[in-house]
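**Q** Next comes the structure file upload18.cif, holding mmCIF, C-alpha atoms.
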data_input
#
loop_
_atom_site.group_PDB
_atom_site.id
_atom_site.type_symbol
_atom_site.label_atom_id
_atom_site.label_comp_id
_atom_site.auth_asym_id
_atom_site.auth_seq_id
_atom_site.Cartn_x
_atom_site.Cartn_y
_atom_site.Cartn_z
ATOM 1 C CA MET R 1 -20.816 6.700 40.535
ATOM 2 C CA PHE R 2 -19.784 3.456 38.815
ATOM 3 C CA ASP R 3 -16.970 0.924 38.479
ATOM 4 C CA LEU R 4 -14.818 0.770 35.345
ATOM 5 C CA ALA R 5 -12.937 -2.371 34.380
ATOM 6 C CA LYS R 6 -9.192 -1.814 34.339
ATOM 7 C CA PHE R 7 -7.759 -2.382 30.872
ATOM 8 C CA GLY R 8 -5.804 -5.627 30.655
ATOM 9 C CA ALA R 9 -6.678 -6.755 34.193
ATOM 10 C CA SER R 10 -9.513 -8.594 35.916
ATOM 11 C CA LYS R 11 -9.947 -5.743 38.388
ATOM 12 C CA TRP R 12 -12.208 -2.737 38.728
ATOM 13 C CA ARG R 13 -11.521 0.942 39.301
ATOM 14 C CA HIS R 14 -14.120 2.884 41.278
ATOM 15 C CA ILE R 15 -15.126 6.099 39.485
ATOM 16 C CA ASP R 16 -16.954 9.049 41.061
ATOM 17 C CA ASN R 17 -18.084 11.073 38.061
ATOM 18 C CA PRO R 18 -19.409 14.486 39.218
ATOM 19 C CA GLN R 19 -22.285 15.901 37.219
ATOM 20 C CA GLY R 20 -24.112 19.187 36.710
ATOM 21 C CA LEU R 21 -23.154 22.242 38.733
ATOM 22 C CA LEU R 22 -20.649 20.295 40.817
ATOM 23 C CA ARG R 23 -18.627 19.407 37.742
ATOM 24 C CA VAL R 24 -18.900 22.982 36.457
ATOM 25 C CA ALA R 25 -17.586 24.327 39.774
ATOM 26 C CA GLN R 26 -14.723 21.822 39.884
ATOM 27 C CA THR R 27 -13.769 22.547 36.273
ATOM 28 C CA ARG R 28 -13.691 26.296 36.958
ATOM 29 C CA LEU R 29 -11.591 25.737 40.066
ATOM 30 C CA LEU R 30 -9.182 23.664 37.992
ATOM 31 C CA GLY R 31 -8.943 26.219 35.187
ATOM 32 C CA ASN R 32 -8.868 29.387 37.258
ATOM 33 C CA TYR R 33 -6.729 28.238 40.156
ATOM 34 C CA PHE R 34 -4.906 24.921 39.867
ATOM 35 C CA SER R 35 -3.776 25.526 36.286
ATOM 36 C CA LYS R 36 -1.761 28.535 37.507
ATOM 37 C CA ILE R 37 0.200 26.618 40.137
ATOM 38 C CA GLU R 38 3.875 26.116 39.310
ATOM 39 C CA PHE R 39 4.582 22.474 40.083
ATOM 40 C CA PRO R 40 8.114 21.153 40.717
ATOM 41 C CA PRO R 41 9.963 19.894 37.632
ATOM 42 C CA PHE R 42 9.939 16.267 38.820
ATOM 43 C CA LEU R 43 6.117 16.024 38.559
ATOM 44 C CA PHE R 44 4.612 15.177 35.167
ATOM 45 C CA GLY R 45 1.140 13.664 35.609
ATOM 46 C CA SER R 46 -1.942 15.766 34.771
ATOM 47 C CA ILE R 47 0.046 19.010 34.568
ATOM 48 C CA PRO R 48 -0.420 21.366 31.585
ATOM 49 C CA LYS R 49 2.390 21.144 29.000
ATOM 50 C CA ARG R 50 3.853 18.041 30.678
ATOM 51 C CA ASN R 51 3.239 14.487 29.530
ATOM 52 C CA ALA R 52 4.212 10.837 29.803
ATOM 53 C CA LEU R 53 6.955 11.144 27.174
ATOM 54 C CA GLN R 54 8.675 13.962 29.079
ATOM 55 C CA ASN R 55 8.444 11.835 32.215
ATOM 56 C CA ALA R 56 10.180 8.978 30.401
ATOM 57 C CA GLU R 57 12.870 11.252 28.943
ATOM 58 C CA VAL R 58 14.121 11.970 32.480
ATOM 59 C CA HIS R 59 15.392 8.387 32.607
ATOM 60 C CA GLU R 60 16.837 7.995 29.099
ATOM 61 C CA GLY R 61 19.929 5.796 28.958
ATOM 62 C CA ALA R 62 20.079 5.209 32.718
ATOM 63 C CA PRO R 63 22.078 2.151 33.860
ATOM 64 C CA ALA R 64 19.285 1.044 36.210
ATOM 65 C CA LEU R 65 15.631 1.864 36.824
ATOM 66 C CA VAL R 66 13.333 1.444 39.831
ATOM 67 C CA HIS R 67 9.552 1.747 39.577
ATOM 68 C CA LEU R 68 7.216 2.002 42.578
ATOM 69 C CA ASP R 69 3.443 2.428 42.537
ATOM 70 C CA ILE R 70 1.439 4.088 45.328
ATOM 71 C CA ALA R 71 -1.340 1.649 46.186
ATOM 72 C CA HIS R 72 -4.936 2.945 46.025
ATOM 73 C CA CYS R 73 -3.562 6.444 45.602
ATOM 74 C CA PHE R 74 -6.689 8.617 45.305
ATOM 75 C CA PRO R 75 -8.771 6.789 47.968
ATOM 76 C CA SER R 76 -5.762 7.004 50.316
ATOM 77 C CA ILE R 77 -5.838 10.809 50.173
ATOM 78 C CA ASP R 78 -8.439 11.780 52.775
ATOM 79 C CA ASN R 79 -10.245 15.060 53.338
ATOM 80 C CA TYR R 80 -7.811 16.041 56.120
ATOM 81 C CA ARG R 81 -4.941 16.017 53.622
ATOM 82 C CA ILE R 82 -7.004 18.007 51.131
ATOM 83 C CA PHE R 83 -7.912 20.560 53.806
ATOM 84 C CA GLY R 84 -4.186 20.845 54.556
ATOM 85 C CA VAL R 85 -3.469 21.503 50.884
ATOM 86 C CA PHE R 86 -5.877 24.441 50.800
ATOM 87 C CA ARG R 87 -5.084 25.770 54.286
ATOM 88 C CA ARG R 88 -1.329 25.366 54.657
ATOM 89 C CA LEU R 89 0.032 24.879 51.166
ATOM 90 C CA LEU R 90 -2.175 27.307 49.248
ATOM 91 C CA GLY R 91 -2.805 29.742 52.127
ATOM 92 C CA CYS R 92 -6.612 29.791 52.037
ATOM 93 C CA SER R 93 -8.583 30.804 55.112
ATOM 94 C CA GLU R 94 -10.030 28.077 57.303
ATOM 95 C CA GLU R 95 -13.563 28.774 56.050
ATOM 96 C CA ILE R 96 -12.572 28.710 52.387
ATOM 97 C CA SER R 97 -10.422 25.622 52.929
ATOM 98 C CA SER R 98 -13.379 23.812 54.484
ATOM 99 C CA ALA R 99 -15.683 24.827 51.637
ATOM 100 C CA LEU R 100 -13.210 23.795 48.939
ATOM 101 C CA THR R 101 -12.535 20.502 50.703
ATOM 102 C CA ARG R 102 -16.251 19.705 50.681
ATOM 103 C CA LEU R 103 -16.390 20.695 47.011
ATOM 104 C CA THR R 104 -13.551 18.388 45.954
ATOM 105 C CA THR R 105 -13.930 15.284 48.167
ATOM 106 C CA ILE R 106 -16.573 12.612 48.643
ATOM 107 C CA ASP R 107 -17.105 10.301 51.622
ATOM 108 C CA GLY R 108 -13.971 11.717 53.234
ATOM 109 C CA ARG R 109 -11.618 10.927 50.359
ATOM 110 C CA LEU R 110 -10.354 12.209 47.018
ATOM 111 C CA PRO R 111 -12.680 10.993 44.244
ATOM 112 C CA GLN R 112 -11.319 9.275 41.175
ATOM 113 C CA GLY R 113 -13.000 10.900 38.186
ATOM 114 C CA ALA R 114 -13.310 14.501 39.387
ATOM 115 C CA PRO R 115 -11.505 17.144 37.265
ATOM 116 C CA THR R 116 -9.735 18.557 40.325
ATOM 117 C CA SER R 117 -8.477 15.252 41.731
ATOM 118 C CA PRO R 118 -5.200 14.837 39.769
ATOM 119 C CA ALA R 119 -3.990 18.338 40.677
ATOM 120 C CA LEU R 120 -4.998 17.850 44.309
ATOM 121 C CA ALA R 121 -3.235 14.485 44.363
ATOM 122 C CA ASN R 122 -0.040 16.120 43.099
ATOM 123 C CA LEU R 123 -0.282 18.716 45.863
ATOM 124 C CA ALA R 124 -1.227 16.248 48.613
ATOM 125 C CA LEU R 125 1.691 14.008 47.629
ATOM 126 C CA LEU R 126 4.146 16.907 47.458
ATOM 127 C CA PRO R 127 5.701 16.291 50.919
ATOM 128 C CA LEU R 128 6.386 12.697 49.873
ATOM 129 C CA THR R 129 7.584 13.374 46.335
ATOM 130 C CA THR R 130 9.858 16.169 47.540
ATOM 131 C CA ARG R 131 11.488 13.776 50.015
ATOM 132 C CA LEU R 132 11.930 11.185 47.275
ATOM 133 C CA TRP R 133 13.440 13.761 44.913
ATOM 134 C CA LYS R 134 15.919 14.838 47.611
ATOM 135 C CA LEU R 135 16.800 11.177 48.217
ATOM 136 C CA ALA R 136 17.567 10.741 44.523
ATOM 137 C CA GLU R 137 19.572 13.971 44.328
ATOM 138 C CA ALA R 138 21.675 13.011 47.349
ATOM 139 C CA ASN R 139 22.567 9.732 45.659
ATOM 140 C CA LYS R 140 23.226 11.179 42.184
ATOM 141 C CA CYS R 141 20.093 9.590 40.756
ATOM 142 C CA ARG R 142 17.140 10.936 38.818
ATOM 143 C CA PHE R 143 13.542 10.942 40.081
ATOM 144 C CA SER R 144 10.165 11.610 38.506
ATOM 145 C CA CYS R 145 6.544 11.114 39.491
ATOM 146 C CA TYR R 146 3.614 10.549 37.148
ATOM 147 C CA VAL R 147 0.485 10.703 39.350
ATOM 148 C CA ASP R 148 1.013 7.552 41.469
ATOM 149 C CA ASP R 149 3.987 6.130 39.548
ATOM 150 C CA LEU R 150 7.382 6.805 41.142
ATOM 151 C CA HIS R 151 10.565 6.324 39.105
ATOM 152 C CA PHE R 152 14.230 6.384 40.128
ATOM 153 C CA SER R 153 17.112 5.872 37.735
ATOM 154 C CA GLY R 154 20.878 5.804 38.058
ATOM 155 C CA GLU R 155 23.713 3.503 39.018
ATOM 156 C CA THR R 156 22.680 3.388 42.684
ATOM 157 C CA ALA R 157 18.907 3.519 42.092
ATOM 158 C CA PRO R 158 18.286 -0.144 43.108
ATOM 159 C CA GLN R 159 19.859 0.592 46.499
ATOM 160 C CA LEU R 160 17.278 3.344 47.110
ATOM 161 C CA ALA R 161 14.199 1.136 46.760
ATOM 162 C CA ASP R 162 13.907 0.092 50.414
ATOM 163 C CA ARG R 163 14.474 3.641 51.694
ATOM 164 C CA ALA R 164 11.931 5.011 49.237
ATOM 165 C CA ILE R 165 9.333 2.460 50.337
ATOM 166 C CA ARG R 166 9.903 3.441 53.977
ATOM 167 C CA MET R 167 9.387 7.104 53.075
ATOM 168 C CA VAL R 168 6.119 6.261 51.327
ATOM 169 C CA GLU R 169 4.934 4.439 54.447
ATOM 170 C CA GLU R 170 6.125 7.226 56.768
ATOM 171 C CA GLU R 171 3.913 9.646 54.826
ATOM 172 C CA GLY R 172 0.878 7.410 55.401
ATOM 173 C CA PHE R 173 0.745 5.611 52.052
ATOM 174 C CA SER R 174 1.729 2.158 50.858
ATOM 175 C CA VAL R 175 3.448 0.659 47.820
ATOM 176 C CA SER R 176 1.907 -1.992 45.569
ATOM 177 C CA ILE R 177 4.301 -4.860 46.236
ATOM 178 C CA GLU R 178 3.373 -6.674 43.027
ATOM 179 C CA LYS R 179 4.266 -3.599 40.946
ATOM 180 C CA ILE R 180 7.787 -3.018 42.286
ATOM 181 C CA GLU R 181 10.279 -3.194 39.421
ATOM 182 C CA VAL R 182 14.072 -3.039 39.475
ATOM 183 C CA VAL R 183 15.558 -3.244 35.967
ATOM 184 C CA ARG R 184 19.087 -2.867 34.633
ATOM 185 C CA GLN R 185 20.018 -1.697 31.159
ATOM 186 C CA ASP R 186 20.632 -5.179 29.769
ATOM 187 C CA LYS R 187 16.846 -5.681 30.022
ATOM 188 C CA PRO R 188 14.051 -3.627 28.408
ATOM 189 C CA MET R 189 13.419 -0.551 30.570
ATOM 190 C CA GLN R 190 10.038 1.171 30.332
ATOM 191 C CA VAL R 191 8.643 4.338 31.925
ATOM 192 C CA THR R 192 4.985 5.365 31.423
ATOM 193 C CA GLY R 193 4.760 3.290 28.247
ATOM 194 C CA TYR R 194 8.065 4.405 26.677
ATOM 195 C CA ARG R 195 11.276 2.417 26.274
ATOM 196 C CA THR R 196 14.155 4.328 27.868
ATOM 197 C CA ASN R 197 17.225 2.152 27.312
ATOM 198 C CA ARG R 198 18.496 4.750 24.845
ATOM 199 C CA THR R 199 16.117 7.523 23.812
ATOM 200 C CA ALA R 200 12.534 7.455 25.070
ATOM 201 C CA ARG R 201 10.308 5.696 22.540
ATOM 202 C CA ALA R 202 6.909 4.071 22.770
ATOM 203 C CA SER R 203 7.476 0.365 23.340
ATOM 204 C CA ARG R 204 6.214 -2.325 20.989
ATOM 205 C CA ALA R 205 4.112 -3.647 23.857
ATOM 206 C CA THR R 206 2.456 -0.227 24.281
ATOM 207 C CA ILE R 207 1.617 0.000 20.574
ATOM 208 C CA ASP R 208 0.258 -3.558 20.578
ATOM 209 C CA SER R 209 -1.810 -2.883 23.696
ATOM 210 C CA VAL R 210 -3.510 0.103 22.030
ATOM 211 C CA ALA R 211 -4.344 -2.028 18.994
ATOM 212 C CA PHE R 212 -5.724 -4.689 21.338
ATOM 213 C CA GLN R 213 -7.755 -2.053 23.191
ATOM 214 C CA ILE R 214 -9.306 -0.878 19.903
ATOM 215 C CA HIS R 215 -10.276 -4.435 18.917
ATOM 216 C CA ASP R 216 -11.573 -5.122 22.426
ATOM 217 C CA LEU R 217 -13.817 -2.049 22.364
ATOM 218 C CA ALA R 218 -14.975 -2.847 18.822
ATOM 219 C CA ARG R 219 -16.598 -6.026 20.136
ATOM 220 C CA LYS R 220 -18.739 -4.072 22.589
ATOM 221 C CA GLU R 221 -22.305 -3.064 21.841
ATOM 222 C CA ALA R 222 -21.641 0.514 22.919
ATOM 223 C CA ILE R 223 -18.619 2.655 23.736
ATOM 224 C CA SER R 224 -18.506 5.631 26.075
ATOM 225 C CA PRO R 225 -16.922 8.987 25.151
ATOM 226 C CA GLY R 226 -14.456 8.468 27.980
ATOM 227 C CA GLN R 227 -13.258 5.192 26.484
ATOM 228 C CA LEU R 228 -12.846 6.857 23.095
ATOM 229 C CA ARG R 229 -10.873 9.725 24.633
ATOM 230 C CA SER R 230 -8.606 7.248 26.397
ATOM 231 C CA VAL R 231 -7.772 5.447 23.149
ATOM 232 C CA ILE R 232 -7.173 8.670 21.210
ATOM 233 C CA ALA R 233 -4.974 10.077 24.000
ATOM 234 C CA ARG R 234 -2.821 6.941 23.962
ATOM 235 C CA ILE R 235 -2.481 7.154 20.175
ATOM 236 C CA HIS R 236 -1.433 10.811 20.367
ATOM 237 C CA GLY R 237 1.207 9.825 22.917
ATOM 238 C CA ILE R 238 2.590 7.215 20.511
ATOM 239 C CA ARG R 239 2.591 9.700 17.620
ATOM 240 C CA THR R 240 5.372 11.765 19.225
ATOM 241 C CA THR R 241 7.879 8.948 18.641
ATOM 242 C CA HIS R 242 6.147 6.614 16.137
ATOM 243 C CA PRO R 243 4.080 8.740 13.714
ATOM 244 C CA ASN R 244 3.552 5.941 11.185
ATOM 245 C CA GLN R 245 2.295 3.446 13.758
ATOM 246 C CA ALA R 246 0.090 6.147 15.303
ATOM 247 C CA ALA R 247 -1.430 6.908 11.893
ATOM 248 C CA CYS R 248 -2.268 3.223 11.464
ATOM 249 C CA LEU R 249 -3.850 3.106 14.918
ATOM 250 C CA LEU R 250 -5.916 6.226 14.178
ATOM 251 C CA ARG R 251 -7.220 4.653 10.958
ATOM 252 C CA MET R 252 -8.034 1.501 12.895
ATOM 253 C CA ALA R 253 -9.887 3.522 15.539
ATOM 254 C CA ASP R 254 -11.796 5.531 12.912
ATOM 255 C CA TRP R 255 -12.872 2.312 11.231
ATOM 256 C CA HIS R 256 -13.847 0.295 14.299
ATOM 257 C CA LEU R 257 -14.972 2.839 16.907
ATOM 258 C CA PRO R 258 -17.984 4.966 15.950
ATOM 259 C CA PRO R 259 -18.985 7.472 18.674
ATOM 260 C CA THR R 260 -21.918 6.691 20.905
ATOM 261 C CA SER R 261 -23.655 8.099 23.976
ATOM 262 C CA GLU R 262 -22.150 7.629 27.412
ATOM 263 C CA SER R 263 -25.491 6.712 28.956
ATOM 264 C CA ALA R 264 -26.074 3.925 26.435
ATOM 265 C CA ALA R 265 -22.551 2.660 26.905
ATOM 266 C CA THR R 266 -22.890 2.558 30.672
ATOM 267 C CA LYS R 267 -25.956 0.340 30.336
ATOM 268 C CA ALA R 268 -24.736 -1.892 27.525
ATOM 269 C CA SER R 269 -20.984 -2.278 27.927
ATOM 270 C CA SER R 270 -19.564 -5.017 30.118
ATOM 271 C CA LYS R 271 -16.756 -2.605 30.925
ATOM 272 C CA PHE R 272 -19.099 -1.016 33.470
ATOM 273 C CA ARG R 273 -20.959 -2.377 36.462
ATOM 274 C CA LYS R 274 -23.213 -0.908 39.103
ATOM 275 C CA CYS R 275 -21.111 0.158 42.057
ATOM 276 C CA PRO R 276 -21.649 -2.181 45.050
ATOM 277 C CA GLY R 277 -20.462 0.503 47.478
ATOM 278 C CA PHE R 278 -17.002 1.798 48.170
ATOM 279 C CA ALA R 279 -16.666 -0.423 51.221
ATOM 280 C CA THR R 280 -15.895 -3.217 48.755
ATOM 281 C CA PRO R 281 -12.136 -3.289 48.007
ATOM 282 C CA HIS R 282 -12.467 -2.396 44.339
ATOM 283 C CA SER R 283 -8.809 -2.902 43.536
ATOM 284 C CA ILE R 284 -9.108 -6.626 44.208
ATOM 285 C CA ALA R 285 -12.768 -7.220 43.393
ATOM 286 C CA ALA R 286 -12.968 -9.888 40.699
ATOM 287 C CA ARG R 287 -15.280 -9.382 37.780
ATOM 288 C CA PRO R 288 -18.561 -11.267 38.185
#
Represent the structure from my file as structure tokens, please.
**A**
Amino acid sequence: MFDLAKFGASKWRHIDNPQGLLRVAQTRLLGNYFSKIEFPPFLFGSIPKRNALQNAEVHEGAPALVHLDIAHCFPSIDNYRIFGVFRRLLGCSEEISSALTRLTTIDGRLPQGAPTSPALANLALLPLTTRLWKLAEANKCRFSCYVDDLHFSGETAPQLADRAIRMVEEEGFSVSIEKIEVVRQDKPMQVTGYRTNRTARASRATIDSVAFQIHDLARKEAISPGQLRSVIARIHGIRTTHPNQAACLLRMADWHLPPTSESAATKASSKFRKCPGFATPHSIAARP
């Protein structure tokens, strides 16, 4: 259990990183069970063979775009919702649902950092995202969800924002007010890091932010495997639309970011801190 500094922000994200047999069990549950679930086509986050680019392509060339973010998404999903996923949505017995809920939650909530959490979040949010998709369809708009990012696009999309926010609240969640975006086509429109005004392409800001992330990590005494994976994953996402820029970023990463042990990085890197307890509101806790 630790806190990880959010990239590009003076905030912290609480991480519950399961170890040993618990992680093995969660990984097997993910591979043997969740990976076989057929998710609706409007969901793209943490689903095999779906990615951020495909999420952005839904909104290519739209006249207007609305972006909403579910605040504190994983911590807001409690063990009662997870039990409901196993019991009612997946049809498990009450005993098995209870056991699987204990296996996949911590302190009565969905942990951020567990292999099973993204899939469970998609399932727990399904009543909400289905309502939002139906709202978009009824108004001839497009809708997609990437984990906790909700996107609407279309001529009447800006008019749906208030109704969508009410639906989020009716389902027991809240929207990050500071992250609400309503953009029309005469301005740069971006979805999960890709410009969508015409065809979905990685934005210049996204490419620059990856380069900045590489240089930022290069100044650290140690780098965790998770941080390396994050950088490489972002570069691979850019490569689908900007292969030359991605190749440059990969060379930059190879030059500046030698691999190191996660335990050493946790001790040495200022990107980590000892968790003060989840009672602290991590999303607004300033760095010391």
**Q** Just give me the gap between atom CA of His67 of chain R and atom CA of Val210 of chain R in Å, one decimal is fine.
**A**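 Between atom CA of His67 of chain R and atom CA of Val210 of chain R the gap works out to 21.9 Å.
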**Q** Quick one: apply the PyMOL selection byres ((chain R and resi 158) around 12) to the file and drop the selected residues here as an mmCIF file with C-alpha atoms, in the frame of the given file.
**A**
data_model
loop_
_atom_site.group_PDB
_atom_site.id
_atom_site.type_symbol
_atom_site.label_atom_id
_atom_site.label_comp_id
_atom_site.auth_asym_id
_atom_site.auth_seq_id
_atom_site.Cartn_x
_atom_site.Cartn_y
_atom_site.Cartn_z
ATOM 1 C CA ALA R 62 20.079 5.209 32.718
ATOM 2 C CA PRO R 63 22.078 2.151 33.860
ATOM 3 C CA ALA R 64 19.285 1.044 36.210
ATOM 4 C CA LEU R 65 15.631 1.864 36.824
ATOM 5 C CA VAL R 66 13.333 1.444 39.831
ATOM 6 C CA HIS R 67 9.552 1.747 39.577
ATOM 7 C CA LEU R 68 7.216 2.002 42.578
ATOM 8 C CA ALA R 136 17.567 10.741 44.523
ATOM 9 C CA ASN R 139 22.567 9.732 45.659
ATOM 10 C CA CYS R 141 20.093 9.590 40.756
ATOM 11 C CA ARG R 142 17.140 10.936 38.818
ATOM 12 C CA HIS R 151 10.565 6.324 39.105
ATOM 13 C CA PHE R 152 14.230 6.384 40.128
ATOM 14 C CA SER R 153 17.112 5.872 37.735
ATOM 15 C CA GLY R 154 20.878 5.804 38.058
ATOM 16 C CA GLU R 155 23.713 3.503 39.018
ATOM 17 C CA THR R 156 22.680 3.388 42.684
ATOM 18 C CA ALA R 157 18.907 3.519 42.092
ATOM 19 C CA GLN R 159 19.859 0.592 46.499
ATOM 20 C CA LEU R 160 17.278 3.344 47.110
ATOM 21 C CA ALA R 161 14.199 1.136 46.760
ATOM 22 C CA ASP R 162 13.907 0.092 50.414
ATOM 23 C CA ARG R 163 14.474 3.641 51.694
ATOM 24 C CA ALA R 164 11.931 5.011 49.237
ATOM 25 C CA ILE R 165 9.333 2.460 50.337
ATOM 26 C CA ILE R 180 7.787 -3.018 42.286
ATOM 27 C CA GLU R 181 10.279 -3.194 39.421
ATOM 28 C CA VAL R 182 14.072 -3.039 39.475
ATOM 29 C CA VAL R 183 15.558 -3.244 35.967
ATOM 30 C CA ARG R 184 19.087 -2.867 34.633
#
**Q** List the neighbours of Phe42 of chain R out to 7 Å using all atoms listed in the file; skip same-chain residues closer than 5 positions along the sequence, and give me the result as a PyMOL selection string.
**A** chain R and resi 143-145
**Q** Using all atoms listed in the file, which of the listed residues (R:Gly84, R:Gly61, R:Gly91, R:Gly237) sits closest to Gly193 of chain R?
**A** R:Gly237
**Q** May I have the residues within 12 Å of Arg166 of chain R as a PyMOL selection string, using only C-alpha atoms and disregarding those fewer than 5 positions away in the same chain?
**A** chain R and resi 68+128+131-132+135+160-161+171-175
**Q** Choose the residue, out of R:Ala114, R:Asn55, R:Glu60, R:Pro18, that has the smallest atom-to-atom separation from Arg198 of chain R; count all atoms listed in the file.
**A**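 That would be R:Glu60, the residue with the smallest distance to Arg198 of chain R.
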**Q** Report the residues retrieved by the PyMOL selection byres ((chain R and resi 50-52) around 12) from the displayed file, expressed as a PyMOL selection string.
**A** chain R and resi 38-49+53-59+144-147+149+190-195+200-202+233-234+236-238+240-241
**Q** Restricting the output to C-alpha atoms, write the selected residues as a PDB file, keeping the file's coordinate frame.
**A**
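And here is the file that came out, result28.pdb:
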ATOM      1  CA  GLU R  38       3.875  26.116  39.310  1.00  0.00           C
ATOM      2  CA  PHE R  39       4.582  22.474  40.083  1.00  0.00           C
ATOM      3  CA  PRO R  40       8.114  21.153  40.717  1.00  0.00           C
ATOM      4  CA  PRO R  41       9.963  19.894  37.632  1.00  0.00           C
ATOM      5  CA  PHE R  42       9.939  16.267  38.820  1.00  0.00           C
ATOM      6  CA  LEU R  43       6.117  16.024  38.559  1.00  0.00           C
ATOM      7  CA  PHE R  44       4.612  15.177  35.167  1.00  0.00           C
ATOM      8  CA  GLY R  45       1.140  13.664  35.609  1.00  0.00           C
ATOM      9  CA  SER R  46      -1.942  15.766  34.771  1.00  0.00           C
ATOM     10  CA  ILE R  47       0.046  19.010  34.568  1.00  0.00           C
ATOM     11  CA  PRO R  48      -0.420  21.366  31.585  1.00  0.00           C
ATOM     12  CA  LYS R  49       2.390  21.144  29.000  1.00  0.00           C
ATOM     13  CA  LEU R  53       6.955  11.144  27.174  1.00  0.00           C
ATOM     14  CA  GLN R  54       8.675  13.962  29.079  1.00  0.00           C
ATOM     15  CA  ASN R  55       8.444  11.835  32.215  1.00  0.00           C
ATOM     16  CA  ALA R  56      10.180   8.978  30.401  1.00  0.00           C
ATOM     17  CA  GLU R  57      12.870  11.252  28.943  1.00  0.00           C
ATOM     18  CA  VAL R  58      14.121  11.970  32.480  1.00  0.00           C
ATOM     19  CA  HIS R  59      15.392   8.387  32.607  1.00  0.00           C
ATOM     20  CA  SER R 144      10.165  11.610  38.506  1.00  0.00           C
ATOM     21  CA  CYS R 145       6.544  11.114  39.491  1.00  0.00           C
ATOM     22  CA  TYR R 146       3.614  10.549  37.148  1.00  0.00           C
ATOM     23  CA  VAL R 147       0.485  10.703  39.350  1.00  0.00           C
ATOM     24  CA  ASP R 149       3.987   6.130  39.548  1.00  0.00           C
ATOM     25  CA  GLN R 190      10.038   1.171  30.332  1.00  0.00           C
ATOM     26  CA  VAL R 191       8.643   4.338  31.925  1.00  0.00           C
ATOM     27  CA  THR R 192       4.985   5.365  31.423  1.00  0.00           C
ATOM     28  CA  GLY R 193       4.760   3.290  28.247  1.00  0.00           C
ATOM     29  CA  TYR R 194       8.065   4.405  26.677  1.00  0.00           C
ATOM     30  CA  ARG R 195      11.276   2.417  26.274  1.00  0.00           C
ATOM     31  CA  ALA R 200      12.534   7.455  25.070  1.00  0.00           C
ATOM     32  CA  ARG R 201      10.308   5.696  22.540  1.00  0.00           C
ATOM     33  CA  ALA R 202       6.909   4.071  22.770  1.00  0.00           C
ATOM     34  CA  ALA R 233      -4.974  10.077  24.000  1.00  0.00           C
ATOM     35  CA  ARG R 234      -2.821   6.941  23.962  1.00  0.00           C
ATOM     36  CA  HIS R 236      -1.433  10.811  20.367  1.00  0.00           C
ATOM     37  CA  GLY R 237       1.207   9.825  22.917  1.00  0.00           C
ATOM     38  CA  ILE R 238       2.590   7.215  20.511  1.00  0.00           C
ATOM     39  CA  THR R 240       5.372  11.765  19.225  1.00  0.00           C
ATOM     40  CA  THR R 241       7.879   8.948  18.641  1.00  0.00           C
TER      41      THR R 241
END
**Q** I want to know what sits within 10 Å of Thr27 of chain R, based on all atoms listed in the file, with residues of the same chain fewer than 5 positions away left out; could you give that as number ranges by chain?
**A** R: 21-22, 32-34, 114-116
